[in-house]
>>> print(open('protein-v5.cif').read())   # mmCIF, C-alpha atoms
data_data
loop_
_atom_site.label_atom_id
_atom_site.label_comp_id
_atom_site.auth_asym_id
_atom_site.auth_seq_id
_atom_site.Cartn_x
_atom_site.Cartn_y
_atom_site.Cartn_z
CA MET A 1 -133.74 -78.51 37.36
CA SER A 2 -130.45 -77.16 38.67
CA LYS A 3 -128.54 -79.31 41.12
CA TYR A 4 -126.58 -78.02 44.11
CA SER A 5 -123.48 -79.72 45.49
CA VAL A 6 -122.33 -78.85 49.01
CA ILE A 7 -118.72 -79.51 49.97
CA LEU A 8 -118.39 -80.01 53.73
CA PRO A 9 -114.80 -80.34 54.99
CA THR A 10 -114.82 -81.91 58.44
CA TYR A 11 -112.39 -82.46 61.26
CA GLN A 12 -113.81 -83.53 64.62
CA GLU A 13 -117.38 -82.57 63.76
CA ARG A 14 -119.12 -85.72 65.07
CA ARG A 15 -121.73 -83.79 67.05
CA ASN A 16 -122.28 -81.03 64.51
CA LEU A 17 -122.52 -83.11 61.34
CA PRO A 18 -125.95 -84.78 61.79
CA ILE A 19 -127.65 -81.46 62.52
CA ILE A 20 -126.03 -79.48 59.72
CA VAL A 21 -126.89 -82.24 57.22
CA TRP A 22 -130.50 -82.32 58.44
CA LEU A 23 -130.78 -78.54 58.08
CA LEU A 24 -129.30 -78.62 54.58
CA ALA A 25 -131.64 -81.42 53.52
CA ARG A 26 -134.61 -79.47 54.87
CA VAL A 27 -133.67 -76.28 52.99
CA PHE A 28 -133.25 -78.14 49.70
CA ALA A 29 -136.51 -80.07 50.18
CA GLU A 30 -138.47 -76.90 50.98
CA GLN A 31 -137.05 -75.19 47.88
CA HIS A 32 -137.68 -78.30 45.73
CA LEU A 33 -134.04 -78.49 44.66
CA ALA A 34 -131.82 -81.39 43.62
CA TRP A 35 -128.83 -81.73 45.94
CA GLU A 36 -125.88 -83.71 47.21
CA ILE A 37 -123.42 -83.27 50.07
CA ILE A 38 -119.77 -84.24 49.63
CA ILE A 39 -118.20 -84.83 53.05
CA VAL A 40 -114.40 -84.56 53.08
CA ASP A 41 -113.23 -85.81 56.46
CA ASP A 42 -109.55 -85.55 57.36
CA ALA A 43 -109.22 -88.66 59.54
CA SER A 44 -111.07 -87.15 62.50
CA PRO A 45 -110.18 -89.02 65.69
CA ASP A 46 -113.63 -88.38 67.21
CA GLY A 47 -115.52 -90.71 64.86
CA THR A 48 -116.85 -88.09 62.42
CA LEU A 49 -116.50 -90.48 59.48
CA GLU A 50 -118.51 -93.18 61.24
CA VAL A 51 -121.31 -90.67 61.83
CA ALA A 52 -121.10 -89.66 58.15
CA LYS A 53 -121.54 -93.31 57.14
CA GLU A 54 -124.69 -93.51 59.25
CA LEU A 55 -126.01 -90.38 57.55
CA GLN A 56 -125.26 -91.92 54.17
CA GLY A 57 -127.36 -94.92 55.15
CA LEU A 58 -130.18 -92.62 56.21
CA TYR A 59 -130.26 -90.22 53.24
CA GLY A 60 -128.80 -92.46 50.53
CA GLU A 61 -125.49 -92.75 48.72
CA ASP A 62 -126.72 -90.38 46.02
CA LYS A 63 -127.23 -87.61 48.59
CA ILE A 64 -124.30 -88.14 50.97
CA ILE A 65 -121.00 -88.76 49.20
CA LEU A 66 -118.06 -89.67 51.43
CA LYS A 67 -114.58 -88.75 50.22
CA PRO A 68 -112.32 -89.00 53.28
CA ARG A 69 -108.60 -88.32 53.31
CA ALA A 70 -105.74 -89.89 55.23
CA GLY A 71 -104.95 -86.88 57.43
CA LYS A 72 -105.43 -83.18 58.11
CA LEU A 73 -104.28 -81.72 54.79
CA GLY A 74 -105.73 -78.20 54.81
CA LEU A 75 -108.98 -76.44 53.98
CA GLY A 76 -108.11 -75.42 50.43
CA THR A 77 -107.11 -78.91 49.40
CA ALA A 78 -110.33 -80.25 50.96
CA TYR A 79 -112.36 -78.12 48.54
CA ILE A 80 -110.15 -79.15 45.63
CA HIS A 81 -110.62 -82.80 46.57
CA GLY A 82 -114.37 -82.49 47.07
CA LEU A 83 -114.89 -80.60 43.81
CA LYS A 84 -113.70 -83.62 41.84
CA PHE A 85 -116.81 -85.50 42.94
CA CYS A 86 -119.44 -82.76 42.55
CA THR A 87 -122.12 -83.49 39.96
CA GLY A 88 -124.18 -80.33 40.51
CA ASP A 89 -124.47 -77.20 38.40
CA PHE A 90 -123.61 -75.11 41.45
CA VAL A 91 -121.17 -75.71 44.28
CA ILE A 92 -121.67 -74.44 47.83
CA ILE A 93 -118.77 -74.28 50.25
CA MET A 94 -119.42 -73.81 53.94
CA ASP A 95 -118.33 -74.89 57.41
CA ALA A 96 -119.88 -77.84 59.19
CA ASP A 97 -119.80 -76.24 62.65
CA PHE A 98 -122.86 -73.94 62.38
CA SER A 99 -120.76 -70.85 61.76
CA HIS A 100 -122.76 -70.81 58.52
CA HIS A 101 -126.47 -71.52 58.89
CA PRO A 102 -128.09 -73.26 55.91
CA LYS A 103 -131.12 -70.94 56.14
CA PHE A 104 -129.12 -68.25 54.33
CA LEU A 105 -128.84 -70.46 51.24
CA VAL A 106 -132.39 -69.53 50.27
CA GLU A 107 -131.26 -65.94 49.72
CA PHE A 108 -127.98 -67.06 48.10
CA ILE A 109 -129.85 -69.11 45.52
CA ALA A 110 -132.50 -66.44 44.90
CA LYS A 111 -129.88 -63.73 44.37
CA GLN A 112 -127.88 -65.90 42.00
CA LYS A 113 -130.96 -66.70 39.93
CA ALA A 114 -132.20 -63.11 39.83
CA GLN A 115 -128.89 -61.68 38.60
CA ASN A 116 -127.30 -64.75 36.99
CA LEU A 117 -124.25 -64.25 39.22
CA ASP A 118 -121.11 -66.33 38.97
CA ILE A 119 -120.54 -66.22 42.74
CA VAL A 120 -122.62 -65.34 45.77
CA THR A 121 -120.72 -64.82 49.00
CA GLY A 122 -121.94 -64.38 52.55
CA THR A 123 -120.71 -61.31 54.40
CA ARG A 124 -120.63 -60.28 58.02
CA TYR A 125 -119.81 -56.67 57.21
CA ILE A 126 -122.80 -55.10 55.47
CA PRO A 127 -126.13 -54.08 57.07
CA GLY A 128 -127.97 -57.18 58.19
CA GLY A 129 -124.78 -59.16 58.78
CA GLY A 130 -122.95 -59.73 62.02
CA VAL A 131 -120.89 -61.93 64.30
CA TYR A 132 -121.97 -63.66 67.51
CA GLY A 133 -119.92 -65.52 70.10
CA TRP A 134 -116.55 -63.89 69.39
CA ASP A 135 -114.45 -62.07 71.94
CA LEU A 136 -113.06 -58.61 71.19
CA LYS A 137 -109.65 -59.97 70.15
CA ARG A 138 -111.10 -62.21 67.46
CA LYS A 139 -113.37 -59.45 66.16
CA VAL A 140 -110.42 -57.07 65.90
CA ILE A 141 -108.32 -59.69 64.06
CA SER A 142 -111.12 -60.39 61.56
CA ARG A 143 -111.87 -56.72 60.93
CA GLY A 144 -108.18 -55.94 60.63
CA ALA A 145 -107.60 -58.80 58.19
CA ASN A 146 -110.42 -57.59 55.94
CA LEU A 147 -109.30 -53.96 56.15
CA LEU A 148 -105.73 -54.89 55.24
CA ALA A 149 -106.91 -56.91 52.24
CA LYS A 150 -109.15 -54.07 51.06
CA LEU A 151 -106.39 -51.48 51.30
CA VAL A 152 -103.82 -53.62 49.51
CA LEU A 153 -105.89 -55.65 47.04
CA TRP A 154 -109.16 -53.78 46.43
CA PRO A 155 -111.15 -57.03 46.12
CA GLY A 156 -114.55 -55.36 45.62
CA VAL A 157 -116.28 -57.35 48.38
CA SER A 158 -116.75 -56.54 52.05
CA ASP A 159 -115.71 -59.90 53.54
CA VAL A 160 -112.69 -61.48 51.84
CA THR A 161 -112.10 -64.03 54.61
CA GLY A 162 -115.62 -65.44 54.50
CA SER A 163 -115.96 -69.09 53.57
CA PHE A 164 -119.71 -69.36 52.92
CA ARG A 165 -120.17 -69.14 49.16
CA LEU A 166 -122.10 -70.39 46.16
CA TYR A 167 -120.33 -70.80 42.82
CA LYS A 168 -121.26 -71.81 39.33
CA LYS A 169 -119.33 -75.04 39.08
CA PRO A 170 -117.29 -74.11 35.97
CA VAL A 171 -116.33 -70.81 37.62
CA LEU A 172 -115.01 -72.53 40.74
CA GLU A 173 -113.14 -75.07 38.63
CA SER A 174 -111.48 -72.27 36.66
CA LEU A 175 -110.53 -70.30 39.78
CA ILE A 176 -109.14 -73.29 41.65
CA ALA A 177 -106.92 -74.12 38.69
CA SER A 178 -105.13 -70.78 39.13
CA THR A 179 -105.14 -70.61 42.93
CA GLN A 180 -101.86 -71.17 44.76
CA SER A 181 -102.95 -71.02 48.40
CA ARG A 182 -104.14 -74.12 50.23
CA GLY A 183 -104.82 -72.97 53.81
CA TYR A 184 -107.09 -70.28 55.23
CA VAL A 185 -105.75 -67.81 52.63
CA PHE A 186 -107.52 -69.92 50.02
CA GLN A 187 -110.85 -68.08 50.43
CA MET A 188 -109.27 -64.67 50.01
CA GLU A 189 -107.28 -65.67 46.96
CA ILE A 190 -110.32 -67.19 45.26
CA ILE A 191 -112.42 -64.03 45.60
CA VAL A 192 -109.56 -61.69 44.62
CA ARG A 193 -108.86 -63.74 41.50
CA ALA A 194 -112.58 -63.89 40.71
CA LYS A 195 -112.88 -60.12 40.67
CA ALA A 196 -109.66 -59.75 38.67
CA ALA A 197 -111.01 -62.23 36.09
CA GLY A 198 -114.25 -60.27 35.72
CA TYR A 199 -116.61 -62.78 37.31
CA THR A 200 -119.78 -61.32 38.80
CA VAL A 201 -120.02 -61.49 42.59
CA GLY A 202 -123.03 -60.78 44.78
CA GLU A 203 -123.12 -60.43 48.56
CA VAL A 204 -125.71 -61.64 51.06
CA PRO A 205 -125.59 -60.51 54.70
CA ILE A 206 -125.17 -63.41 57.11
CA THR A 207 -124.89 -63.77 60.86
CA PHE A 208 -121.75 -65.70 61.70
CA VAL A 209 -122.09 -67.71 64.92
CA ASP A 210 -119.12 -69.25 66.69
CA ARG A 211 -119.02 -73.03 66.50
CA VAL A 212 -121.58 -74.96 68.58
CA TYR A 213 -119.33 -77.92 69.48
CA GLY A 214 -115.55 -78.24 69.42
CA GLU A 215 -112.77 -75.70 69.24
CA SER A 216 -111.77 -73.19 66.58
CA LYS A 217 -109.03 -74.42 64.27
CA LEU A 218 -107.69 -70.93 63.51
CA GLY A 219 -104.25 -70.42 65.02
CA GLY A 220 -101.18 -68.22 64.80
CA ASP A 221 -99.79 -70.06 61.80
CA GLU A 222 -102.92 -69.22 59.79
CA ILE A 223 -102.64 -65.52 60.68
CA VAL A 224 -99.03 -65.41 59.47
CA SER A 225 -100.03 -67.31 56.34
CA TYR A 226 -102.79 -64.79 55.69
CA ALA A 227 -100.36 -61.85 55.77
CA LYS A 228 -98.02 -63.68 53.39
CA GLY A 229 -100.97 -64.44 51.14
CA ILE A 230 -101.89 -60.76 50.82
CA TRP A 231 -98.35 -59.96 49.75
CA MET A 232 -98.33 -62.81 47.24
CA LEU A 233 -101.63 -61.66 45.71
CA PHE A 234 -100.49 -58.03 45.61
CA ARG A 235 -97.55 -59.11 43.47
CA ALA A 236 -99.37 -61.68 41.34
CA VAL A 237 -102.88 -60.40 40.61
#
>>> encode(input="protein-v5.cif", output="structure tokens")
Amino acid sequence: MSKYSVILPTYQERRNLPIIVWLLARVFAEQHLAWEIIIVDDASPDGTLEVAKELQGLYGEDKIILKPRAGKLGLGTAYIHGLKFCTGDFVIIMDADFSHHPKFLVEFIAKQKAQNLDIVTGTRYIPGGGVYGWDLKRKVISRGANLLAKLVLWPGVSDVTGSFRLYKKPVLESLIASTQSRGYVFQMEIIVRAKAAGYTVGEVPITFVDRVYGESKLGGDEIVSYAKGIWMLFRAV
């Protein structure tokens, strides 16, 4: 039986974490799949790690693996850190704030099995996908970011900034080894390098919902970093 490892980076997700873990556990149980969740908390001041410890006591240390870090060190490095402790055949990366609903994993897993894909990525920008809870400004920024990446890099997927994905573990390990970005550009670089390396990528439409609790962590610095990342990839890939 294949095993699925979920890497959940967290920062101030105390209220979201118990529900997202429960939903993940339910999906895996209904699909009769082996699973584990690696929680990488970056010293959240709201007590996220304490909640994670309670969840570990509830589900077991074999299901909830806690790998906290000393501070807020970036999304890309959180995945790199979490990957070291994954024991599954497949690795799922997603947000802990309900932007990515675990219900879509059923289709991710089915599509991967049917086509033996190296990567399955969720997309907001094909029929069946969408975004809810965003204002016009954020929608324009997201659409513009994807359009710019498509025009410059030709990545072969509709949503390069998406961060809801399933990977064969060896594929993710290989891609991370060559990835230079460590912030929000990380997702784009991974998928661009995957296509350049010839890995097979499938897309599943998802509905992206703005976070239930807390505030978005995307700021001006990340937008500037994204533009720089496109230029770096244009020159390097």
>>> closest_residue(input="protein-v5.cif", among="A:Val27, A:Leu166, A:Ala194, A:Ile38", to="Gln112 (chain A)", atoms="all atoms listed in the file")
A:Leu166
>>> resolve_selection(input="protein-v5.cif", expression="the PyMOL selection byres ((chain A and resi 168) around 10)", output="count of residues only")
19
>>> resolve_selection(input="protein-v5.cif", expression="the PyMOL selection byres ((chain A and resi 195) around 12)", output="PDB file with C-alpha atoms, keeping the file's coordinate frame")
ATOM      1  CA  ASP A 118    -121.110 -66.330  38.970  1.00  0.00           C
ATOM      2  CA  ILE A 119    -120.540 -66.220  42.740  1.00  0.00           C
ATOM      3  CA  LEU A 153    -105.890 -55.650  47.040  1.00  0.00           C
ATOM      4  CA  TRP A 154    -109.160 -53.780  46.430  1.00  0.00           C
ATOM      5  CA  PRO A 155    -111.150 -57.030  46.120  1.00  0.00           C
ATOM      6  CA  GLY A 156    -114.550 -55.360  45.620  1.00  0.00           C
ATOM      7  CA  VAL A 157    -116.280 -57.350  48.380  1.00  0.00           C
ATOM      8  CA  VAL A 160    -112.690 -61.480  51.840  1.00  0.00           C
ATOM      9  CA  VAL A 171    -116.330 -70.810  37.620  1.00  0.00           C
ATOM     10  CA  LEU A 175    -110.530 -70.300  39.780  1.00  0.00           C
ATOM     11  CA  MET A 188    -109.270 -64.670  50.010  1.00  0.00           C
ATOM     12  CA  GLU A 189    -107.280 -65.670  46.960  1.00  0.00           C
ATOM     13  CA  ILE A 190    -110.320 -67.190  45.260  1.00  0.00           C
ATOM     14  CA  ILE A 191    -112.420 -64.030  45.600  1.00  0.00           C
ATOM     15  CA  VAL A 192    -109.560 -61.690  44.620  1.00  0.00           C
ATOM     16  CA  ARG A 193    -108.860 -63.740  41.500  1.00  0.00           C
ATOM     17  CA  ALA A 194    -112.580 -63.890  40.710  1.00  0.00           C
ATOM     18  CA  ALA A 196    -109.660 -59.750  38.670  1.00  0.00           C
ATOM     19  CA  ALA A 197    -111.010 -62.230  36.090  1.00  0.00           C
ATOM     20  CA  GLY A 198    -114.250 -60.270  35.720  1.00  0.00           C
ATOM     21  CA  TYR A 199    -116.610 -62.780  37.310  1.00  0.00           C
ATOM     22  CA  THR A 200    -119.780 -61.320  38.800  1.00  0.00           C
ATOM     23  CA  VAL A 201    -120.020 -61.490  42.590  1.00  0.00           C
ATOM     24  CA  GLY A 202    -123.030 -60.780  44.780  1.00  0.00           C
ATOM     25  CA  VAL A 237    -102.880 -60.400  40.610  1.00  0.00           C
TER      26      VAL A 237
END
>>> atom_distance(input="protein-v5.cif", atom1="CA of Cys86 (chain A)", atom2="CA of Leu33 (chain A)")
15.4 Å
>>> atom_distance(input="protein-v5.cif", atom1="CA of Lys67 (chain A)", atom2="CA of Pro45 (chain A)")
16.1 Å
>>> resolve_selection(input="protein-v5.cif", expression="the PyMOL selection byres ((chain A and resi 25) around 12)", output="PDB file with C-alpha atoms, keeping the file's coordinate frame")
ATOM      1  CA  TYR A   4    -126.580 -78.020  44.110  1.00  0.00           C
ATOM      2  CA  SER A   5    -123.480 -79.720  45.490  1.00  0.00           C
ATOM      3  CA  VAL A   6    -122.330 -78.850  49.010  1.00  0.00           C
ATOM      4  CA  PRO A  18    -125.950 -84.780  61.790  1.00  0.00           C
ATOM      5  CA  ILE A  19    -127.650 -81.460  62.520  1.00  0.00           C
ATOM      6  CA  ILE A  20    -126.030 -79.480  59.720  1.00  0.00           C
ATOM      7  CA  VAL A  21    -126.890 -82.240  57.220  1.00  0.00           C
ATOM      8  CA  TRP A  22    -130.500 -82.320  58.440  1.00  0.00           C
ATOM      9  CA  LEU A  23    -130.780 -78.540  58.080  1.00  0.00           C
ATOM     10  CA  LEU A  24    -129.300 -78.620  54.580  1.00  0.00           C
ATOM     11  CA  ARG A  26    -134.610 -79.470  54.870  1.00  0.00           C
ATOM     12  CA  VAL A  27    -133.670 -76.280  52.990  1.00  0.00           C
ATOM     13  CA  PHE A  28    -133.250 -78.140  49.700  1.00  0.00           C
ATOM     14  CA  ALA A  29    -136.510 -80.070  50.180  1.00  0.00           C
ATOM     15  CA  GLU A  30    -138.470 -76.900  50.980  1.00  0.00           C
ATOM     16  CA  GLN A  31    -137.050 -75.190  47.880  1.00  0.00           C
ATOM     17  CA  HIS A  32    -137.680 -78.300  45.730  1.00  0.00           C
ATOM     18  CA  LEU A  33    -134.040 -78.490  44.660  1.00  0.00           C
ATOM     19  CA  ALA A  34    -131.820 -81.390  43.620  1.00  0.00           C
ATOM     20  CA  TRP A  35    -128.830 -81.730  45.940  1.00  0.00           C
ATOM     21  CA  GLU A  36    -125.880 -83.710  47.210  1.00  0.00           C
ATOM     22  CA  ILE A  37    -123.420 -83.270  50.070  1.00  0.00           C
ATOM     23  CA  LEU A  55    -126.010 -90.380  57.550  1.00  0.00           C
ATOM     24  CA  LEU A  58    -130.180 -92.620  56.210  1.00  0.00           C
ATOM     25  CA  TYR A  59    -130.260 -90.220  53.240  1.00  0.00           C
ATOM     26  CA  GLY A  60    -128.800 -92.460  50.530  1.00  0.00           C
ATOM     27  CA  LYS A  63    -127.230 -87.610  48.590  1.00  0.00           C
ATOM     28  CA  ILE A  64    -124.300 -88.140  50.970  1.00  0.00           C
ATOM     29  CA  PRO A 102    -128.090 -73.260  55.910  1.00  0.00           C
ATOM     30  CA  LYS A 103    -131.120 -70.940  56.140  1.00  0.00           C
ATOM     31  CA  LEU A 105    -128.840 -70.460  51.240  1.00  0.00           C
TER      32      LEU A 105
END
>>> closest_residue(input="protein-v5.cif", among="A:Ile206, A:Ala52, A:Leu83, A:Val40", to="Gly71 (chain A)", atoms="all atoms listed in the file")
A:Val40
>>> closest_residue(input="protein-v5.cif", among="A:Lys53, A:Leu8, A:Asp62, A:Ile80", to="Ser174 (chain A)", atoms="all atoms listed in the file")
A:Ile80
>>> closest_residue(input="protein-v5.cif", among="A:Ala43, A:Val204, A:Val106, A:Met1", to="Ile126 (chain A)", atoms="only C-alpha atoms")
A:Val204
>>> closest_residue(input="protein-v5.cif", among="A:Thr48, A:Thr179, A:Thr87, A:Gln187", to="Arg15 (chain A)", atoms="all atoms listed in the file")
A:Thr48
>>> closest_residue(input="protein-v5.cif", among="A:Glu13, A:Ser181, A:Ala70, A:Gly122", to="Arg165 (chain A)", atoms="only C-alpha atoms")
A:Gly122
>>> atom_distance(input="protein-v5.cif", atom1="CA of Val185 (chain A)", atom2="CA of Asp95 (chain A)")
15.2 Å
>>> build_atoms(input="protein-v5.cif", residues="region 54-83 of chain A", atoms="N, CA and C atoms", output="mmCIF file, keeping the file's coordinate frame")
data_model
loop_
_atom_site.group_PDB
_atom_site.id
_atom_site.type_symbol
_atom_site.label_atom_id
_atom_site.label_comp_id
_atom_site.auth_asym_id
_atom_site.auth_seq_id
_atom_site.Cartn_x
_atom_site.Cartn_y
_atom_site.Cartn_z
ATOM 1 N N GLU A 54 -123.310 -93.322 58.789
ATOM 2 C CA GLU A 54 -124.690 -93.510 59.250
ATOM 3 C C GLU A 54 -125.641 -92.571 58.510
ATOM 4 N N LEU A 55 -125.197 -91.337 58.293
ATOM 5 C CA LEU A 55 -126.010 -90.380 57.550
ATOM 6 C C LEU A 55 -126.198 -90.823 56.106
ATOM 7 N N GLN A 56 -125.162 -91.406 55.536
ATOM 8 C CA GLN A 56 -125.260 -91.920 54.170
ATOM 9 C C GLN A 56 -126.311 -93.025 54.091
ATOM 10 N N GLY A 57 -126.347 -93.866 55.109
ATOM 11 C CA GLY A 57 -127.360 -94.920 55.150
ATOM 12 C C GLY A 57 -128.764 -94.365 55.299
ATOM 13 N N LEU A 58 -128.883 -93.237 55.973
ATOM 14 C CA LEU A 58 -130.180 -92.620 56.210
ATOM 15 C C LEU A 58 -130.700 -91.875 54.987
ATOM 16 N N TYR A 59 -129.824 -91.068 54.356
ATOM 17 C CA TYR A 59 -130.260 -90.220 53.240
ATOM 18 C C TYR A 59 -130.026 -90.852 51.875
ATOM 19 N N GLY A 60 -129.101 -91.808 51.798
ATOM 20 C CA GLY A 60 -128.800 -92.460 50.530
ATOM 21 C C GLY A 60 -127.433 -92.079 49.989
ATOM 22 N N GLU A 61 -126.818 -92.983 49.270
ATOM 23 C CA GLU A 61 -125.490 -92.750 48.720
ATOM 24 C C GLU A 61 -125.481 -91.701 47.610
ATOM 25 N N ASP A 62 -126.650 -91.417 47.043
ATOM 26 C CA ASP A 62 -126.720 -90.380 46.020
ATOM 27 C C ASP A 62 -126.773 -88.978 46.627
ATOM 28 N N LYS A 63 -127.129 -88.901 47.903
ATOM 29 C CA LYS A 63 -127.230 -87.610 48.590
ATOM 30 C C LYS A 63 -125.993 -87.310 49.445
ATOM 31 N N ILE A 64 -125.471 -88.303 50.102
ATOM 32 C CA ILE A 64 -124.300 -88.140 50.970
ATOM 33 C C ILE A 64 -123.134 -88.897 50.362
ATOM 34 N N ILE A 65 -122.170 -88.169 49.854
ATOM 35 C CA ILE A 65 -121.000 -88.760 49.200
ATOM 36 C C ILE A 65 -119.803 -88.595 50.129
ATOM 37 N N LEU A 66 -119.177 -89.696 50.486
ATOM 38 C CA LEU A 66 -118.060 -89.670 51.430
ATOM 39 C C LEU A 66 -116.741 -89.783 50.674
ATOM 40 N N LYS A 67 -115.894 -88.776 50.856
ATOM 41 C CA LYS A 67 -114.580 -88.750 50.220
ATOM 42 C C LYS A 67 -113.516 -88.384 51.254
ATOM 43 N N PRO A 68 -113.285 -89.290 52.206
ATOM 44 C CA PRO A 68 -112.320 -89.000 53.280
ATOM 45 C C PRO A 68 -110.890 -88.993 52.792
ATOM 46 N N ARG A 69 -110.027 -88.365 53.612
ATOM 47 C CA ARG A 69 -108.600 -88.320 53.310
ATOM 48 C C ARG A 69 -107.825 -88.900 54.488
ATOM 49 N N ALA A 70 -106.552 -89.153 54.257
ATOM 50 C CA ALA A 70 -105.740 -89.890 55.230
ATOM 51 C C ALA A 70 -105.309 -89.055 56.430
ATOM 52 N N GLY A 71 -105.403 -87.727 56.327
ATOM 53 C CA GLY A 71 -104.950 -86.880 57.430
ATOM 54 C C GLY A 71 -105.422 -85.455 57.230
ATOM 55 N N LYS A 72 -105.039 -84.585 58.158
ATOM 56 C CA LYS A 72 -105.430 -83.180 58.110
ATOM 57 C C LYS A 72 -104.535 -82.459 57.104
ATOM 58 N N LEU A 73 -105.087 -82.200 55.910
ATOM 59 C CA LEU A 73 -104.280 -81.720 54.790
ATOM 60 C C LEU A 73 -104.591 -80.288 54.379
ATOM 61 N N GLY A 74 -105.467 -79.598 55.115
ATOM 62 C CA GLY A 74 -105.730 -78.200 54.810
ATOM 63 C C GLY A 74 -107.079 -77.960 54.177
ATOM 64 N N LEU A 75 -107.637 -76.778 54.440
ATOM 65 C CA LEU A 75 -108.980 -76.440 53.980
ATOM 66 C C LEU A 75 -109.061 -76.308 52.462
ATOM 67 N N GLY A 76 -108.094 -75.611 51.875
ATOM 68 C CA GLY A 76 -108.110 -75.420 50.430
ATOM 69 C C GLY A 76 -108.073 -76.729 49.666
ATOM 70 N N THR A 77 -107.209 -77.627 50.092
ATOM 71 C CA THR A 77 -107.110 -78.910 49.400
ATOM 72 C C THR A 77 -108.357 -79.763 49.618
ATOM 73 N N ALA A 78 -109.076 -79.526 50.731
ATOM 74 C CA ALA A 78 -110.330 -80.250 50.960
ATOM 75 C C ALA A 78 -111.369 -79.860 49.909
ATOM 76 N N TYR A 79 -111.424 -78.566 49.580
ATOM 77 C CA TYR A 79 -112.360 -78.120 48.540
ATOM 78 C C TYR A 79 -111.950 -78.644 47.166
ATOM 79 N N ILE A 80 -110.655 -78.626 46.899
ATOM 80 C CA ILE A 80 -110.150 -79.150 45.630
ATOM 81 C C ILE A 80 -110.503 -80.627 45.481
ATOM 82 N N HIS A 81 -110.309 -81.367 46.562
ATOM 83 C CA HIS A 81 -110.620 -82.800 46.570
ATOM 84 C C HIS A 81 -112.110 -83.029 46.377
ATOM 85 N N GLY A 82 -112.921 -82.303 47.147
ATOM 86 C CA GLY A 82 -114.370 -82.490 47.070
ATOM 87 C C GLY A 82 -114.947 -82.113 45.726
ATOM 88 N N LEU A 83 -114.380 -81.080 45.098
ATOM 89 C CA LEU A 83 -114.890 -80.600 43.810
ATOM 90 C C LEU A 83 -114.822 -81.676 42.733
#
